[in-house]
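Engineer: Attaching a single structure in structure tokens format; questions to follow.
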Amino acid sequence: MANRKGPGWFLPGFSYEGYYFTKNGIKAPILPKSEDVPTYRQFKYWYNNEHNSKEKYLKKEGERKYQLKAKPNVGEASRRAVGPGSIFEIDATIADVYLVSSLSRDRIIGRPVVYIVKDVFSRLVTGLYVGLEGPSWLSAMLVLENTSLNKKEYCKELNINIEEWEWPAHHMPTVIAADRGEMEGYNAESLIDLLGIMVYNMPPYRADLKGIVEQHFRTINTKIKKWAPGAVHKDYHERGGKDYRLDAKLTLKAFERIIVLSILEHNRKIISNYPLTSGMIEHKLIPTPIELWEWGIKHKHGYLQEIDSDLIRLALMPSKQASITREGVY
């Protein structure tokens with residue numbers, strides 16, 4: 001083959017008939033017949049065969065970004081859960097809003113951590129904890145305890161009056177899907193030993209495997225940013241950007257009350273694109289979290305557990321060895 005370096009790469013005396021010709025002193029290509037040229041679809045097929053897009057992305061961006069942004073989503077999350085309580089997802093996020101102290105309103109106490117437990121089958125929120133501790137076993141303990149509480153009594157503590165049917169979750173699941181970290185290790189083993197709850201820790205950088213609860217966080221933060229004083233916006237870290245901490249007005253309890261009200265609204269909201277089964281369609285089910293929860297309890301048995309609160313606290317509290325001496329317990 002001729003060396004294609006520069007404009008004068010044509011070999012002298014060689015016939016280029018069928019490839020190039022001279023017209024008005026200008027060399028131009030002779031296009032082959034259409035049947036001799038691959039279609040765009042064929043070209044794309046062979047290009048993708050020779051140039052793997054996944055490998056190219058991994059080499060350029062790395063494994064972490066691929067898992068977070070480029071990995072294809074396979075399957076429907078609800079198919080993993082066969083009924084209410086089959087799988088609860090648990091996760092935490094730092095809310096995009098600054099809070100003030102209830103003792104001194106001019107003192108900023110930081111951004112709260114929101115823990116949520118959510119049923120995969122029905123999308124019902126089953127547990128909530130709002131605090132200032134970072135993601136830890138302590139926070140996980142408190143949200144799991146809240147999962148087992150009667151939500152009517154819990155809402156009453158926040159001066160919110162509801163009926164039992166508006167938030168009917170006070171059960172523990174068969175399986176908890178969680179991140180590696182606070183739900184991994186010795187502390188989580190007591191959930192298995194005492195309560196018979198399996199704990200599945202997701203691989204690192206795979207937030208998509210807990211997409212049900214992750215989507216709820218995005219919804220909460222989006223709604224809060226629209227109106228809440230002290231909400232953090234994109235220009236916060238930019239030079240000359242506004243310091244949103246100075247707008248903070250909400251206390252921790254006030255913020256928790258807002259989250260609870262948003263959950264109550266979510267429980268009655270129709271879930272778009274929910275994969276209804278033939279049985280659900282037959283019963284003319286409206287796909288709201290409450291309706292899905294009640295329908296699942298009626299037609300899918302054996303996944304929810306009602307466990308005494310004291311037993312749950314016993315399973316969640318860390319245990320240590322102690323010595324009993326004449327002077328007391330050491």
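Every chain in the structure tokens takes a letter, A first, then B, and so on in the order presented; its residues are numbered from 1, and the ligands are numbered from 1 following the presented order.
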Within 8 Å of stretch 112-116 of chain A, counting only C-alpha atoms, which residues qualify if same-chain residues fewer than 5 places away don't, as a ChimeraX atom specification?
Structural biologist: /A:90-95,97-99,125-135,139-140,143,213,252
Engineer: Write out as a ChimeraX atom specification the residues lying within 7 Å of stretch 261-277 of chain A, counting only C-alpha atoms and excluding same-chain residues fewer than 3 positions away.
Structural biologist: /A:124-125,166-167,257-258,280-281,287-290
Engineer: Quick check for you: according to DSSP on this backbone, which residues of stretch 230-302 of chain A are classed as alpha helix (DSSP H)? Reply as a ChimeraX atom specification.
Structural biologist: /A:252-267,278-282,289-299
Engineer: For the selection just defined, write its residues with C-alpha atoms to a file, as a short mmCIF file (atom, residue, chain, number, x, y, z; two decimals), in the first residue's frame.
Structural biologist:
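That gives us again.cif:
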data_model
loop_
_atom_site.label_atom_id
_atom_site.label_comp_id
_atom_site.auth_asym_id
_atom_site.auth_seq_id
_atom_site.Cartn_x
_atom_site.Cartn_y
_atom_site.Cartn_z
CA LEU A 252 -33.77 20.34 64.11
CA LYS A 253 -37.31 19.44 65.27
CA ALA A 254 -38.88 21.85 62.76
CA PHE A 255 -36.88 20.25 59.96
CA GLU A 256 -37.82 16.75 61.12
CA ARG A 257 -41.47 17.80 61.10
CA ILE A 258 -41.10 18.97 57.49
CA ILE A 259 -39.56 15.64 56.49
CA VAL A 260 -42.42 13.74 58.16
CA LEU A 261 -45.01 15.84 56.34
CA SER A 262 -43.25 15.17 53.03
CA ILE A 263 -43.29 11.43 53.80
CA LEU A 264 -47.03 11.52 54.54
CA GLU A 265 -47.53 13.26 51.19
CA HIS A 266 -45.34 10.67 49.44
CA ASN A 267 -47.33 7.78 50.94
CA SER A 278 -51.70 -9.04 36.60
CA GLY A 279 -53.15 -9.48 40.10
CA MET A 280 -52.84 -5.76 40.84
CA ILE A 281 -54.50 -4.85 37.55
CA GLU A 282 -57.27 -7.35 38.24
CA PRO A 289 -47.30 3.36 48.56
CA ILE A 290 -50.16 2.90 51.06
CA GLU A 291 -52.33 0.97 48.59
CA LEU A 292 -49.41 -1.21 47.50
CA TRP A 293 -48.49 -1.87 51.15
CA GLU A 294 -52.05 -2.89 52.11
CA TRP A 295 -52.51 -4.96 48.94
CA GLY A 296 -49.20 -6.72 49.55
CA ILE A 297 -50.07 -7.55 53.17
CA LYS A 298 -53.36 -9.04 52.01
CA HIS A 299 -51.99 -11.06 49.07
#
